[in-house]
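Chemist: Here it is: the structure, laid out below.
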Amino acid sequence: MAIFGAVATQNPKGTRDFLPKDERVQQYIFSKWRETCLAFGYEPYEGPTFEHLELYTEKSGEEIVDQLYAFQDKSGRAIALRPEMTPTLARIVAAQGHSLPKPVKWFSMPRLFRYERAQKGRLREFFQLNMDILGSESLDAEVDLLLAICALMRNFGFKPTDFRVGISNRRLLNALLEQLGVENRDAVYAALDRRAKIGEEAFGELLAEAGMAPEARKALNDAMGCATLDELAPHCTSEAAKAALEELRYLLDRMASLGHGESVGLDLNIVRGLAYYTGPVFEVFDAAKSMRAIAGGGRYDDLCAKLGGERTTGVGFGMGDVVLKDLLEERGLLPDVSRDRLDYWLVSFGNDVEPLFRMAETLRARGRRVGHPLELRKFAKQMQEADRSGAAKVLMLGSDRVPEGCVEVKDLVAGTQSAVPVDRL
């Protein structure tokens, strides 16, 4: 194969190259993620880039395989590049058992892989912030994560009215379907997940295909159309439904009392992860829902037990970098991410680069950022390179205009030029 053939010079579909200017944007996003997590007391963790395939099929079912980069290694083991981080986290916690003090508040920012159709807001390789709390039964674990989401959006420059955190409850949906005697729940959940996108008529057709009677279809659609908890309450007749409704009321009231009522509200169209979410679920969109979800998550209380560990409650969310970056660009919220400024750029009036290397080593030992040409050209060309470097100051070595033991310094910010003793640099 030709080294620089058409395939070899093109990145795989659904992936990105990060040139220095693009990588600076990524590092800005990563820095905001990390700062916010640390401010909320979460600790960083990591795991392997690939896991046993069974880890993902146990969580999401065999159908997930078509969405993975799955393969057999040289020993015949079924392996997959990680498409998400929650199964890895659950595996780690399950392996630690009682030795790990709980609750844990952990975060990670992994590179993930999903084999699906690449489109706007969705790539095959991406980064994602994950924040999770394991080992807490309290709904205040959800509150902590919801507050972190609001803080993340605020730290990126969004106003409270620029985004919406929608909350639903899988326990409530389960209870409503139980009240209506629904047997084919997987099909109904799939319809619920599409309800907001396909309209009321198409939604009713899907429910009919799932075997729901007309009166049950109407009752479910009426409940799903409720915009407030007070509207929803009459539809919750079983004790299970009433209890789940009160969980939602607690979360919404707590977020409102903490000053986030503008950003957080009820959204029964959120279903998420049919295979493992067990309680409150939530998603984050821009206010106009002009893009895919910015973040999403919920409570998963059975995952650790599914993986062979003790039952450990969990709640968490993921925030991908792709939609977030698109939204920041669209709203003009990305800062000027010019290259990191050098303290000094060295140029020389001489014809030997060794003095530049020596001076650079001296200054770097003092904690300074220093760059210089790797081959000497005309002085004017060196100064052009200094301008492009973004350095704050240029040191001119070998100048006959300054006393011995001094170096000529040009401040590119202030536009001044002076002789400075080398030991004062």
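Going by the structure tokens order, chains are called A, B, ..., each with residues numbered from 1, while ligands are numbered from 1 in the order shown.
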Residues of stretch 59-207 of chain A in strand (DSSP E or B) according to DSSP, as a short mmCIF file (atom, residue, chain, number, x, y, z; two decimals) with C-alpha atoms, in the first residue's frame?
Modeler:
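Saved result, result_10.cif, follows:
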```cif
data_model
loop_
_atom_site.label_atom_id
_atom_site.label_comp_id
_atom_site.auth_asym_id
_atom_site.auth_seq_id
_atom_site.Cartn_x
_atom_site.Cartn_y
_atom_site.Cartn_z
CA ALA A 70 -16.32 -5.38 18.82
CA PHE A 71 -13.70 -7.95 17.83
CA GLN A 72 -11.89 -11.08 18.95
CA ALA A 78 -14.65 -11.17 22.73
CA ILE A 79 -13.52 -7.58 23.24
CA ALA A 80 -15.06 -4.14 22.56
CA LEU A 81 -13.71 -0.61 22.55
CA VAL A 104 -18.08 7.47 46.13
CA LYS A 105 -18.17 10.60 43.97
CA TRP A 106 -16.01 10.00 40.91
CA PHE A 107 -15.52 11.58 37.49
CA SER A 108 -13.72 10.68 34.28
CA ARG A 111 -12.28 8.80 24.81
CA LEU A 112 -15.20 6.59 23.69
CA PHE A 113 -16.14 4.69 20.54
CA GLN A 119 -23.90 12.88 11.67
CA ARG A 122 -22.77 12.36 16.80
CA GLU A 125 -15.07 8.62 18.39
CA PHE A 126 -15.67 11.27 21.03
CA PHE A 127 -14.87 12.43 24.55
CA GLN A 128 -17.35 12.45 27.40
CA LEU A 129 -17.42 13.79 30.93
CA ASN A 130 -18.88 11.27 33.39
CA MET A 131 -19.91 12.18 36.93
CA ASP A 132 -21.27 9.42 39.18
CA ILE A 133 -22.25 8.78 42.79
CA LEU A 134 -22.35 5.17 43.96
CA PHE A 163 -30.64 25.47 28.56
CA ARG A 164 -33.22 23.08 29.99
CA VAL A 165 -32.69 20.10 32.28
CA GLY A 166 -35.69 17.81 31.82
CA ILE A 167 -36.46 15.22 34.53
CA SER A 168 -38.60 12.09 34.39
CA ASN A 169 -38.76 8.89 36.45
#
```
Chemist: Give me, as a ChimeraX atom specification, all polymer residues having an atom no more than 9 Å from stretch 213-228 of chain A, counting only C-alpha atoms and skipping those fewer than 6 positions away in the same chain.
Modeler: /A:176-177,180-182,192,200,203-204,207,234-236,265-269
Chemist: With N, CA and C atoms kept, could you save the residues just selected as a PDB file, in the first residue's frame?
Modeler:
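That gives us selection25.pdb:
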```
ATOM      1  N   LEU A 176     -47.167   3.582  35.776  1.00  0.00           N
ATOM      2  CA  LEU A 176     -48.268   3.943  34.884  1.00  0.00           C
ATOM      3  C   LEU A 176     -48.621   2.778  33.956  1.00  0.00           C
ATOM      4  N   LEU A 177     -47.597   2.121  33.423  1.00  0.00           N
ATOM      5  CA  LEU A 177     -47.857   0.978  32.536  1.00  0.00           C
ATOM      6  C   LEU A 177     -48.480  -0.183  33.300  1.00  0.00           C
ATOM      7  N   LEU A 180     -52.109   0.370  33.754  1.00  0.00           N
ATOM      8  CA  LEU A 180     -52.867   0.173  32.512  1.00  0.00           C
ATOM      9  C   LEU A 180     -52.829  -1.274  32.030  1.00  0.00           C
ATOM     10  N   GLY A 181     -52.136  -2.138  32.778  1.00  0.00           N
ATOM     11  CA  GLY A 181     -52.082  -3.541  32.416  1.00  0.00           C
ATOM     12  C   GLY A 181     -51.280  -3.827  31.160  1.00  0.00           C
ATOM     13  N   VAL A 182     -50.288  -3.005  30.880  1.00  0.00           N
ATOM     14  CA  VAL A 182     -49.472  -3.186  29.675  1.00  0.00           C
ATOM     15  C   VAL A 182     -48.543  -4.380  29.856  1.00  0.00           C
ATOM     16  N   LEU A 192     -42.514   5.339  23.646  1.00  0.00           N
ATOM     17  CA  LEU A 192     -42.392   6.517  24.514  1.00  0.00           C
ATOM     18  C   LEU A 192     -41.118   7.299  24.206  1.00  0.00           C
ATOM     19  N   GLU A 200     -48.398  12.825  18.019  1.00  0.00           N
ATOM     20  CA  GLU A 200     -49.391  12.055  18.779  1.00  0.00           C
ATOM     21  C   GLU A 200     -50.008  10.924  17.968  1.00  0.00           C
ATOM     22  N   PHE A 203     -47.523   8.118  17.460  1.00  0.00           N
ATOM     23  CA  PHE A 203     -47.308   7.508  18.765  1.00  0.00           C
ATOM     24  C   PHE A 203     -48.430   6.529  19.072  1.00  0.00           C
ATOM     25  N   GLY A 204     -49.672   6.947  18.803  1.00  0.00           N
ATOM     26  CA  GLY A 204     -50.814   6.063  19.039  1.00  0.00           C
ATOM     27  C   GLY A 204     -50.745   4.803  18.199  1.00  0.00           C
ATOM     28  N   LEU A 207     -48.369   2.393  19.794  1.00  0.00           N
ATOM     29  CA  LEU A 207     -48.983   1.759  20.970  1.00  0.00           C
ATOM     30  C   LEU A 207     -49.961   0.669  20.546  1.00  0.00           C
ATOM     31  N   PRO A 234     -53.528  13.246  39.137  1.00  0.00           N
ATOM     32  CA  PRO A 234     -54.742  12.414  39.024  1.00  0.00           C
ATOM     33  C   PRO A 234     -54.529  11.128  38.235  1.00  0.00           C
ATOM     34  N   HIS A 235     -53.498  11.075  37.405  1.00  0.00           N
ATOM     35  CA  HIS A 235     -53.219   9.869  36.622  1.00  0.00           C
ATOM     36  C   HIS A 235     -52.472   8.819  37.443  1.00  0.00           C
ATOM     37  N   CYS A 236     -51.966   9.218  38.621  1.00  0.00           N
ATOM     38  CA  CYS A 236     -51.172   8.310  39.457  1.00  0.00           C
ATOM     39  C   CYS A 236     -52.068   7.727  40.541  1.00  0.00           C
ATOM     40  N   GLY A 265     -36.965  21.287  34.872  1.00  0.00           N
ATOM     41  CA  GLY A 265     -38.404  21.071  34.846  1.00  0.00           C
ATOM     42  C   GLY A 265     -38.779  19.649  34.488  1.00  0.00           C
ATOM     43  N   LEU A 266     -40.063  19.355  34.521  1.00  0.00           N
ATOM     44  CA  LEU A 266     -40.597  18.029  34.218  1.00  0.00           C
ATOM     45  C   LEU A 266     -40.560  17.779  32.714  1.00  0.00           C
ATOM     46  N   ASP A 267     -40.151  16.594  32.303  1.00  0.00           N
ATOM     47  CA  ASP A 267     -40.186  16.192  30.891  1.00  0.00           C
ATOM     48  C   ASP A 267     -40.398  14.684  30.847  1.00  0.00           C
ATOM     49  N   LEU A 268     -41.647  14.260  30.720  1.00  0.00           N
ATOM     50  CA  LEU A 268     -41.987  12.836  30.743  1.00  0.00           C
ATOM     51  C   LEU A 268     -41.575  12.108  29.473  1.00  0.00           C
ATOM     52  N   ASN A 269     -41.155  12.851  28.446  1.00  0.00           N
ATOM     53  CA  ASN A 269     -40.708  12.198  27.208  1.00  0.00           C
ATOM     54  C   ASN A 269     -39.335  11.552  27.359  1.00  0.00           C
TER      55      ASN A 269
END
```
Chemist: If I take atom CA of A:Asp140 and atom CA of A:Leu258, how far is one from the other in Å, to one decimal?
Modeler: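 Computed distance, atom CA of A:Asp140 to atom CA of A:Leu258, equals 12.3 Å.
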Chemist: Which is closer to A:Pro83 than all the others in A:Pro110, A:Gly390, A:Gly298, A:Pro20, using only C-alpha atoms?
Modeler: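 Counting only C-alpha atoms, the residue closest to A:Pro83 is A:Pro110.
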Chemist: Would you kindly return, as a list in words, each protein, DNA or RNA residue with an atom no farther than 10 Å from any atom of A:Leu425, considering only C-alpha atoms and excluding same-chain residues fewer than 5 positions away?
Modeler: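 So, after excluding close chain neighbours, the residues are Tyr344, Thr362, Leu363, Arg366, Arg368, Leu395, Cys406, Val407, Val409 and Val420 of chain A.
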Chemist: Using Å and a single decimal, report how far atom CA of A:Pro87 sits from atom CA of A:Phe50.
Modeler: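 Between atom CA of A:Phe50 and atom CA of A:Pro87 the gap works out to 11.5 Å.
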Chemist: Just asking: which residues within stretch 93-287 of chain A are helix (DSSP H, G or I) according to DSSP, as a VMD selection string?
Modeler: chain A and resid 93 to 99 140 to 155 160 to 162 170 to 179 185 to 209 214 to 224 229 to 235 239 to 257
Chemist: Would you please work out which residue, of A:Leu55, A:Leu100, A:Val315, A:Met396, is nearest to A:Leu146 when using only C-alpha atoms?
Modeler: A:Val315
Chemist: Out of A:Pro44, A:Gly76, A:Pro421, A:Gly367, which residue has the shortest atom-to-atom distance to A:Val402 when counting only C-alpha atoms?
Modeler: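 Nearest candidate to A:Val402 out of A:Pro44, A:Gly76, A:Pro421, A:Gly367: A:Pro421.
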Chemist: One decimal, in Å: what's the spacing between atom CA of A:Gly405 and atom CA of A:Val422?
Modeler: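 So the two atoms, atom CA of A:Gly405 and atom CA of A:Val422, lie 6.1 Å apart.
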Chemist: A:Leu412, A:Ile270, A:Val337, A:Val143: which is nearest A:Lys197, counting only C-alpha atoms?
Modeler: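 Closest to A:Lys197, using only C-alpha atoms: A:Ile270.
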Chemist: Which residue gives the smallest distance to A:Ala293 among A:Glu408, A:Asp22, A:Asp326, A:Asp340, with only C-alpha atoms counted?
Modeler: A:Asp326
Chemist: Which residues, written as number ranges by chain, have at least one atom at most 7 Å from A:Glu262, with only C-alpha atoms counted and residues fewer than 2 positions away on the same chain left out?
Modeler: A: 160-161, 260, 264
Chemist: Under the rule that only C-alpha atoms are counted, which of A:Glu354, A:Glu310, A:Glu183, A:Asp321 is the nearest residue to A:Gly97?
Modeler: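 For A:Gly97, the nearest of the candidates is A:Glu310.
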